[in-house]
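Novice: Before we start, here is the structure in question, set down as structure tokens.
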Amino acid sequence: MATELKDLTKRSEDYSKWYNELVVKAELAEQADVRGCMVIRPYGYAIWEKMQRVLDDMFKETGVQNAYFPLLIPKSFLSREAEHVEGFAKECAVVTHYRLKTNDTHDGVVVDPAAKLEEELIIRPTSETIIWNTYKGWIKSYRDLPILCNQWCNVMRWEMRTRLFLRTSEFLWQEGHTAHATREEAEERAKQMLKVYAKFAEEYMAVPVIQGVKSETERFAGALDTYTIEAMMQDGKALQSGTSHFLGQNFGKAFDVQFLNKDNKPEYAWATSWGVSTRLMGALIMTHSDDNGLVLPPRLAPLQVVIIPIGKADQMAMLDEKADSIVKNLKAMGISVKYDNADNKRPGFKFADYELKGVPVRLVLGARDLEKGLVEVMRRDTLEKENVSIDGIEAYIKQLLDEIQQNIYQKAIKFRDAHIYECDNYDEFKERIKDGGFFLCHWDGTEETEAKIKEDTQATIRCVPFMFEQTEGTDMVSGKPAKARVLIARAY
RNA sequence: CGGGAUGUAGCGCAGUUGGUAGCGCACUACGUUCGGGACGUAGGGGUCGCGUGUUCGAGUCACGUCAUCCCGACCA
């Protein structure tokens with residue numbers, strides 16, 4: 001599959017278009033023919049698989065186990081929890097029939113009216129309801145708790161506007177659902193999982209995030225508290241990258257999940273849910289990439305090193321041999337590497353292609369340099385080239401990969417911190433928010449203020465952040481006293 | 001669901017007053033190339049989104065319809 005490499009729209013010109021082209025041209029994903037759905041191509045899926053593997057291990061370290069629950073949810077389940085149905089009703093795909101039949105003219109099929117379901121089924125937009133319906137049968141005593149389940153699956157939300165990875169009708173994610181005997185334990189779990197997400201984002205994706213708690217209006221439907229990690233994209237907009245919800249006893253009550261506590265008294269189970277999705281791929285792409293294409297963090301790059309030979313036909317055998325030994329050594333160190341000696345593409349094409357795909361390190365094995373015992377090493381993050389002695393090149397690469405991981409993380413932090421502003425004047429805020437960035441502003445805690453900001457500027461309160469020291473002040477909109485500064489930004 | 005735009009080869013597009021379906025990239029074969037996106041020659045590939053109408057004749061005109069994209073409302 002050859003790639004159309006040329007003419008990647010520049011970031012500065014049209015950020016949205018740049019992003020879309022990047023996703024398609026780097027062969028990560030493409031728009032499916034089915035409305036609002038996405039085809040994830042092998043290269044993109046390989047990144048997702050790596051993410052899955054790492055996250056799965058992190059979950060298991062906290063005692064979580066994987067399980068699987070049904071795709072189809074009876075319609076009535078959804079309405080058990082009042083806020084939950086309110087939040088999701090508008091974007092559900094509904095199964096109404098279970099059979100097709102050939103049409104009268106025998107040249108197509110139609111829905112068989114006789115096969116109408118008595119109760120419609122919903123394609124899961126999230127699984128709280130079906131899981132809590134199942135938990136009811138699992139939980140009788142405090143000794144059955146906690147239950148710590150996670151499932152990797154797809155969900156469907158019939159969004160009106162979609163965008164590759166960031167918002168597709170169908171998306172892949174993990175959703176954790178835990179049940180606890182006490183409020184404290186559940187709250188602790190919700191916070192714990194947020195920390196897992198933050199750690200993953202920062203240490204693996206190299207995406208710095210701001211942890212915080214959502215305002216009431218931005219909360220998950222049915223939650224008492226929603227914790228979030230918010231990342232800043234290169235256009236200054238925020239991307240909600242993961243959420244963890246403390247659900248209180250809402251689902252316990254809705255699905256009548258009661259247990260006998262230590263005092264032999266019946267009590268409703270306490271719940272959390274938490275999830276991250278293929279949206280993380282969007283965060284990864286938008287945080288690091290440049291006008292040459294993707295920049296992938298070495299810890300998640302499917303291919304960490306590519307080796308490209310340059311030489312005359314009669315030198316290729318010698319280069320192949322040299323490359324073989326480097327490949328073997330790198331693989332033994334757990335580094336993924338590809339030797340691309342395809343003779344139908346010229347080196348220049350390969351350079352551009354692997355840059356577009358974000359391979360962190362490129363080695364150029366040139367016959368000329370090799371005579372001097374040198375090999376050219378290019379790092380994708382800075383595009384800097386260096387001639388390095390071929391002896392001990394493997395150790396050099398290993399260290400370089402770590403350095404790249406650190407460098408792109410530091411670069412992202414620097415960018416973000418340079419675009420976080422404290423602001424106390426609403427007129428000034430309205431003007432400056434147009435250029436993007438995160439604003440820390442005092443908020444009086446009312447929905448009215450929140451709504452006014454959104455109406456005036458399209459910006460929303462992303463969260464009450466944990467990481468900044470809080471000071472009392474005056475709400476910039478209402479002039480009323482405010483307890484803390486909140487994070488306000490335009491978001492995806 | 002409002003406002004705007006677009007549907008012609010895998011992708012990006014041109015197609016004049018209605019008159020043989022085109023270009024670039026990609027693809028296939030052969031040759032020459034190969035240190036930053038190669039070139040030559042020869043090929044393959046189309047119900048012009050769909051339907052109805054006007055006409056001797058429609059990619060082009062009219063009406064209808066479907067789909068997609070962008071901007072809003074909705075959202076991880």
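For the structure tokens, the naming scheme is as follows: chains receive sequential letters (A, B, ...) according to their order of presentation, residues are indexed from 1 within each chain, and ligands are indexed from 1 in presentation order.
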With a distance cut-off of 12 Å and only C-alpha atoms (C1' of nucleotides), select the neighbouring residues of B:U65, excluding the residue or stretch itself and same-chain residues fewer than 4 positions from it, and output the selection as a ChimeraX atom specification.
Specialist: /B:49-52
Novice: Those residues with C-alpha atoms (C1' of nucleotides), as a tab-separated table (two decimals), in the first residue's frame please?
Specialist:
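Printed below is part.tsv as written:
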chain	number	residue	atom	x	y	z
B	49	G	C1'	-24.06	9.51	-6.45
B	50	C	C1'	-29.20	7.72	-7.71
B	51	G	C1'	-34.09	8.62	-10.16
B	52	U	C1'	-37.40	11.13	-13.42
Novice: Using only C-alpha atoms (C1' of nucleotides) and a cut-off of 12 Å, which residues of chain B sit close to chain A? Please list them as a VMD selection string.
Specialist: chain B and resid 1 10 to 12 25 to 27 33 to 38 67 to 76
Novice: Filtering to C-alpha atoms (C1' of nucleotides), could you give me those residues as a PDB file, in the first residue's frame?
Specialist:
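File written: out.pdb
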ATOM      1  C1'   C B   1     -32.433  19.584  12.924  1.00  0.00           C
ATOM      2  C1'   G B  10      -8.125   3.941  -5.470  1.00  0.00           C
ATOM      3  C1'   C B  11      -6.881   9.463  -4.036  1.00  0.00           C
ATOM      4  C1'   G B  12      -6.928  14.748  -5.625  1.00  0.00           C
ATOM      5  C1'   C B  25      -0.698  10.973  -8.203  1.00  0.00           C
ATOM      6  C1'   A B  26      -1.221   5.824  -7.201  1.00  0.00           C
ATOM      7  C1'   C B  27      -1.356   0.801  -9.745  1.00  0.00           C
ATOM      8  C1'   U B  33      18.308   5.177 -11.492  1.00  0.00           C
ATOM      9  C1'   C B  34      19.223   4.975  -5.978  1.00  0.00           C
ATOM     10  C1'   G B  35      23.328   9.886   0.178  1.00  0.00           C
ATOM     11  C1'   G B  36      16.171  13.513   1.243  1.00  0.00           C
ATOM     12  C1'   G B  37       9.702  12.513  -1.712  1.00  0.00           C
ATOM     13  C1'   A B  38      13.407   9.412  -9.409  1.00  0.00           C
ATOM     14  C1'   A B  67     -24.748  10.602   0.597  1.00  0.00           C
ATOM     15  C1'   U B  68     -20.506  13.156   2.364  1.00  0.00           C
ATOM     16  C1'   C B  69     -17.817  17.443   4.310  1.00  0.00           C
ATOM     17  C1'   C B  70     -17.571  22.273   6.925  1.00  0.00           C
ATOM     18  C1'   C B  71     -20.083  25.815  10.648  1.00  0.00           C
ATOM     19  C1'   G B  72     -23.836  25.496  14.829  1.00  0.00           C
ATOM     20  C1'   A B  73     -27.048  22.595  18.583  1.00  0.00           C
ATOM     21  C1'   C B  74     -25.298  17.318  21.206  1.00  0.00           C
ATOM     22  C1'   C B  75     -20.957  14.694  23.155  1.00  0.00           C
ATOM     23  C1'   A B  76     -15.664  10.683  25.568  1.00  0.00           C
TER      24        A B  76
END
Novice: May I have all residues of stretch 65-166 of chain A that DSSP, computed from the backbone, assigns to alpha helix (DSSP H), given as a count of residues only?
Specialist: 22
Novice: Find the spatial neighbours of A:Asn150, counting only C-alpha atoms (C1' of nucleotides), within a cut-off of 12 Å - ignore same-chain residues fewer than 5 positions away - and output them as a short mmCIF file (atom, residue, chain, number, x, y, z; two decimals) with C-alpha atoms, in the first residue's frame.
Specialist:
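Writing done, so here's part02.cif:
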data_model
loop_
_atom_site.label_atom_id
_atom_site.label_comp_id
_atom_site.auth_asym_id
_atom_site.auth_seq_id
_atom_site.Cartn_x
_atom_site.Cartn_y
_atom_site.Cartn_z
CA GLN A 52 -4.06 -1.84 25.95
CA LEU A 55 -3.03 -0.25 30.82
CA ASP A 56 -4.15 -3.80 31.40
CA ASP A 57 -1.04 -4.51 33.44
CA MET A 58 -1.53 -1.33 35.42
CA PHE A 59 -5.14 -2.26 36.18
CA LYS A 60 -4.19 -5.74 37.28
CA THR A 62 -4.51 -2.67 41.48
CA GLY A 63 -6.47 -5.93 41.70
CA VAL A 64 -8.75 -5.43 38.72
CA GLN A 65 -9.82 -8.44 36.65
CA ASN A 66 -11.08 -8.55 33.09
CA ALA A 67 -14.57 -9.78 32.25
CA TYR A 68 -17.07 -9.39 29.47
CA PHE A 69 -20.70 -8.30 29.39
CA SER A 127 -22.34 -0.70 30.36
CA GLU A 128 -23.25 0.48 33.86
CA ILE A 131 -23.27 -4.77 34.56
CA TRP A 173 -12.44 1.45 25.06
CA GLN A 174 -12.07 -0.15 28.41
CA GLU A 175 -14.66 0.38 31.09
CA GLY A 176 -14.01 -0.56 34.67
CA HIS A 177 -16.93 -1.13 37.01
CA THR A 178 -16.37 -1.68 40.67
CA ALA A 179 -18.69 -2.40 43.57
CA MET A 193 -7.96 4.87 38.80
CA THR A 272 -17.37 3.46 40.49
CA SER A 273 -16.80 3.35 36.77
CA TRP A 274 -13.85 4.57 34.76
CA GLY A 275 -12.79 4.47 31.15
CA VAL A 276 -10.39 5.50 28.46
#
Novice: With a distance cut-off of 8 Å and only C-alpha atoms (C1' of nucleotides), select the neighbouring residues of A:Leu401, excluding the residue or stretch itself and same-chain residues fewer than 4 positions from it, and output the selection as a tab-separated table (two decimals) with N, CA and C atoms, in the first residue's frame.
Specialist:
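Just written: part-v1.tsv:
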chain	number	residue	atom	x	y	z
A	298	PRO	N	8.54	6.69	22.05
A	298	PRO	CA	9.16	5.37	21.87
A	298	PRO	C	8.46	4.25	22.64
A	304	GLN	N	10.15	1.04	16.66
A	304	GLN	CA	10.98	2.03	17.36
A	304	GLN	C	12.17	2.48	16.53
A	360	PRO	N	10.53	6.61	15.88
A	360	PRO	CA	11.38	7.49	16.69
A	360	PRO	C	12.83	7.61	16.22
A	361	VAL	N	13.41	6.52	15.76
A	361	VAL	CA	14.83	6.56	15.39
A	361	VAL	C	15.04	5.94	14.01
A	397	ILE	N	21.38	3.55	20.89
A	397	ILE	CA	19.98	3.65	20.50
A	397	ILE	C	19.05	3.50	21.69
A	405	GLN	N	11.76	9.86	24.54
A	405	GLN	CA	10.56	9.76	25.37
A	405	GLN	C	10.49	10.95	26.34
Novice: Can you pull out every residue within 10 Å of B:A21, counting only C-alpha atoms (C1' of nucleotides), but drop anything in the same chain fewer than 5 positions away, and send it as an MDAnalysis selection string?
Specialist: chainID B and resid 8 15 46 48 59
Novice: What lies within 12 Å of B:G31 using only C-alpha atoms (C1' of nucleotides), ignoring chain neighbours under 5 positions off, as a PyMOL selection string?
Specialist: chain B and resi 39-42
Novice: Output N, CA and C atoms (P, O5', C5', C4', C3', O3' and C1' of nucleotides) for every residue in that selection, as a PDB file, in the first residue's frame.
Specialist:
ATOM      1  P     C B  39      10.050  12.322 -11.282  1.00  0.00           P
ATOM      2  O5'   C B  39      10.634  11.566 -12.561  1.00  0.00           O
ATOM      3  C5'   C B  39      11.395  12.282 -13.498  1.00  0.00           C
ATOM      4  C4'   C B  39      12.034  11.355 -14.491  1.00  0.00           C
ATOM      5  C3'   C B  39      11.107  10.692 -15.503  1.00  0.00           C
ATOM      6  O3'   C B  39      10.651  11.586 -16.499  1.00  0.00           O
ATOM      7  C1'   C B  39      12.734   9.142 -14.773  1.00  0.00           C
ATOM      8  P     G B  40       9.306  11.264 -17.294  1.00  0.00           P
ATOM      9  O5'   G B  40       9.789  10.176 -18.341  1.00  0.00           O
ATOM     10  C5'   G B  40      10.808  10.487 -19.282  1.00  0.00           C
ATOM     11  C4'   G B  40      11.177   9.265 -20.063  1.00  0.00           C
ATOM     12  C3'   G B  40      10.004   8.517 -20.684  1.00  0.00           C
ATOM     13  O3'   G B  40       9.568   9.115 -21.885  1.00  0.00           O
ATOM     14  C1'   G B  40      11.453   6.973 -19.630  1.00  0.00           C
ATOM     15  P     U B  41       8.027   9.069 -22.276  1.00  0.00           P
ATOM     16  O5'   U B  41       7.838   7.559 -22.753  1.00  0.00           O
ATOM     17  C5'   U B  41       8.568   7.083 -23.876  1.00  0.00           C
ATOM     18  C4'   U B  41       8.422   5.593 -24.000  1.00  0.00           C
ATOM     19  C3'   U B  41       6.998   5.065 -23.949  1.00  0.00           C
ATOM     20  O3'   U B  41       6.306   5.213 -25.166  1.00  0.00           O
ATOM     21  C1'   U B  41       8.374   3.754 -22.554  1.00  0.00           C
ATOM     22  P     A B  42       4.724   5.501 -25.124  1.00  0.00           P
ATOM     23  O5'   A B  42       4.177   4.051 -24.749  1.00  0.00           O
ATOM     24  C5'   A B  42       4.481   2.946 -25.595  1.00  0.00           C
ATOM     25  C4'   A B  42       4.091   1.654 -24.925  1.00  0.00           C
ATOM     26  C3'   A B  42       2.641   1.592 -24.441  1.00  0.00           C
ATOM     27  O3'   A B  42       1.736   1.327 -25.488  1.00  0.00           O
ATOM     28  C1'   A B  42       4.085   0.771 -22.758  1.00  0.00           C
TER      29        A B  42
END
Novice: At a cut-off of 6 Å, using only C-alpha atoms (C1' of nucleotides), what residues contact A:Glu120? Leave out same-chain residues fewer than 5 positions from it and give the result as a list in words.
Specialist: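 Near A:Glu120, the qualifying residues are Lys75, Val95 and Thr96 of chain A.
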Novice: Find the nearest atom pair between each residue of stretch 109-173 of chain A and stretch 186-192 of chain A for residues within 12 Å, count only C-alpha atoms, give distances in Å to one decimal, sort rows by chain and ascending number, and present the table as JSON lines.
Specialist:
{"residue": "A:Leu145", "atom": "CA", "partner": "A:Ala186", "partner_atom": "CA", "distance": 10.9}
{"residue": "A:Pro146", "atom": "CA", "partner": "A:Ala186", "partner_atom": "CA", "distance": 9.0}
{"residue": "A:Ile147", "atom": "CA", "partner": "A:Ala186", "partner_atom": "CA", "distance": 10.7}
{"residue": "A:Leu148", "atom": "CA", "partner": "A:Arg189", "partner_atom": "CA", "distance": 9.6}
Novice: As a ChimeraX atom specification, please: all residues of stretch 149-268 of chain A that backbone DSSP puts in strand (DSSP E or B).
Specialist: /A:149-156,163,167,170-180,209-213,225-232,238-248,258-260,266-268
Novice: Write to file, as a PDB file, in the first residue's frame, the residues of the selection just made, with C-alpha atoms.
Specialist:
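To be explicit, this is the file written out as again.pdb:
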ATOM      1  CA  CYS A 149     -14.131  -5.774  36.863  1.00  0.00           C
ATOM      2  CA  ASN A 150     -12.906  -4.245  33.658  1.00  0.00           C
ATOM      3  CA  GLN A 151     -13.942  -4.984  30.118  1.00  0.00           C
ATOM      4  CA  TRP A 152     -12.320  -4.137  26.806  1.00  0.00           C
ATOM      5  CA  CYS A 153     -15.018  -3.643  24.247  1.00  0.00           C
ATOM      6  CA  ASN A 154     -16.666  -1.397  21.727  1.00  0.00           C
ATOM      7  CA  VAL A 155     -19.517   0.987  22.434  1.00  0.00           C
ATOM      8  CA  MET A 156     -21.756   3.058  20.234  1.00  0.00           C
ATOM      9  CA  ARG A 163     -14.050  12.942  13.855  1.00  0.00           C
ATOM     10  CA  ARG A 167     -15.410  11.210  18.337  1.00  0.00           C
ATOM     11  CA  GLU A 170     -18.408   3.360  17.442  1.00  0.00           C
ATOM     12  CA  PHE A 171     -15.286   3.386  19.547  1.00  0.00           C
ATOM     13  CA  LEU A 172     -13.054   0.966  21.393  1.00  0.00           C
ATOM     14  CA  TRP A 173     -12.436   1.454  25.056  1.00  0.00           C
ATOM     15  CA  GLN A 174     -12.074  -0.153  28.412  1.00  0.00           C
ATOM     16  CA  GLU A 175     -14.662   0.380  31.088  1.00  0.00           C
ATOM     17  CA  GLY A 176     -14.005  -0.561  34.674  1.00  0.00           C
ATOM     18  CA  HIS A 177     -16.928  -1.134  37.009  1.00  0.00           C
ATOM     19  CA  THR A 178     -16.372  -1.677  40.672  1.00  0.00           C
ATOM     20  CA  ALA A 179     -18.688  -2.397  43.571  1.00  0.00           C
ATOM     21  CA  HIS A 180     -17.766  -1.609  47.164  1.00  0.00           C
ATOM     22  CA  VAL A 209      -2.427  16.028  31.950  1.00  0.00           C
ATOM     23  CA  ILE A 210      -4.235  18.098  34.505  1.00  0.00           C
ATOM     24  CA  GLN A 211      -6.154  16.044  37.020  1.00  0.00           C
ATOM     25  CA  GLY A 212      -9.273  17.440  38.535  1.00  0.00           C
ATOM     26  CA  VAL A 213     -12.926  17.043  39.308  1.00  0.00           C
ATOM     27  CA  ASP A 225     -18.346  12.960  41.164  1.00  0.00           C
ATOM     28  CA  THR A 226     -16.461  12.753  37.895  1.00  0.00           C
ATOM     29  CA  TYR A 227     -12.680  12.914  37.981  1.00  0.00           C
ATOM     30  CA  THR A 228     -10.911  13.768  34.770  1.00  0.00           C
ATOM     31  CA  ILE A 229      -7.558  14.155  33.102  1.00  0.00           C
ATOM     32  CA  GLU A 230      -7.401  17.049  30.667  1.00  0.00           C
ATOM     33  CA  ALA A 231      -4.669  17.380  28.065  1.00  0.00           C
ATOM     34  CA  MET A 232      -3.789  20.385  25.929  1.00  0.00           C
ATOM     35  CA  ALA A 238      -8.461  20.813  25.799  1.00  0.00           C
ATOM     36  CA  LEU A 239      -9.046  17.125  25.288  1.00  0.00           C
ATOM     37  CA  GLN A 240     -10.742  15.149  28.017  1.00  0.00           C
ATOM     38  CA  SER A 241      -8.594  12.059  27.900  1.00  0.00           C
ATOM     39  CA  GLY A 242      -9.946   9.847  30.626  1.00  0.00           C
ATOM     40  CA  THR A 243     -12.583   9.903  33.317  1.00  0.00           C
ATOM     41  CA  SER A 244     -13.249   8.089  36.569  1.00  0.00           C
ATOM     42  CA  HIS A 245     -16.623   8.329  38.244  1.00  0.00           C
ATOM     43  CA  PHE A 246     -17.763   7.928  41.813  1.00  0.00           C
ATOM     44  CA  LEU A 247     -21.333   6.733  41.304  1.00  0.00           C
ATOM     45  CA  GLY A 248     -22.428   6.596  44.933  1.00  0.00           C
ATOM     46  CA  GLN A 258     -28.074  -4.924  48.392  1.00  0.00           C
ATOM     47  CA  PHE A 259     -25.745  -6.781  50.671  1.00  0.00           C
ATOM     48  CA  LEU A 260     -25.598  -7.537  54.370  1.00  0.00           C
ATOM     49  CA  PRO A 266     -28.850  -4.483  54.398  1.00  0.00           C
ATOM     50  CA  GLU A 267     -27.027  -1.772  52.486  1.00  0.00           C
ATOM     51  CA  TYR A 268     -26.823  -0.713  48.844  1.00  0.00           C
TER      52      TYR A 268
END
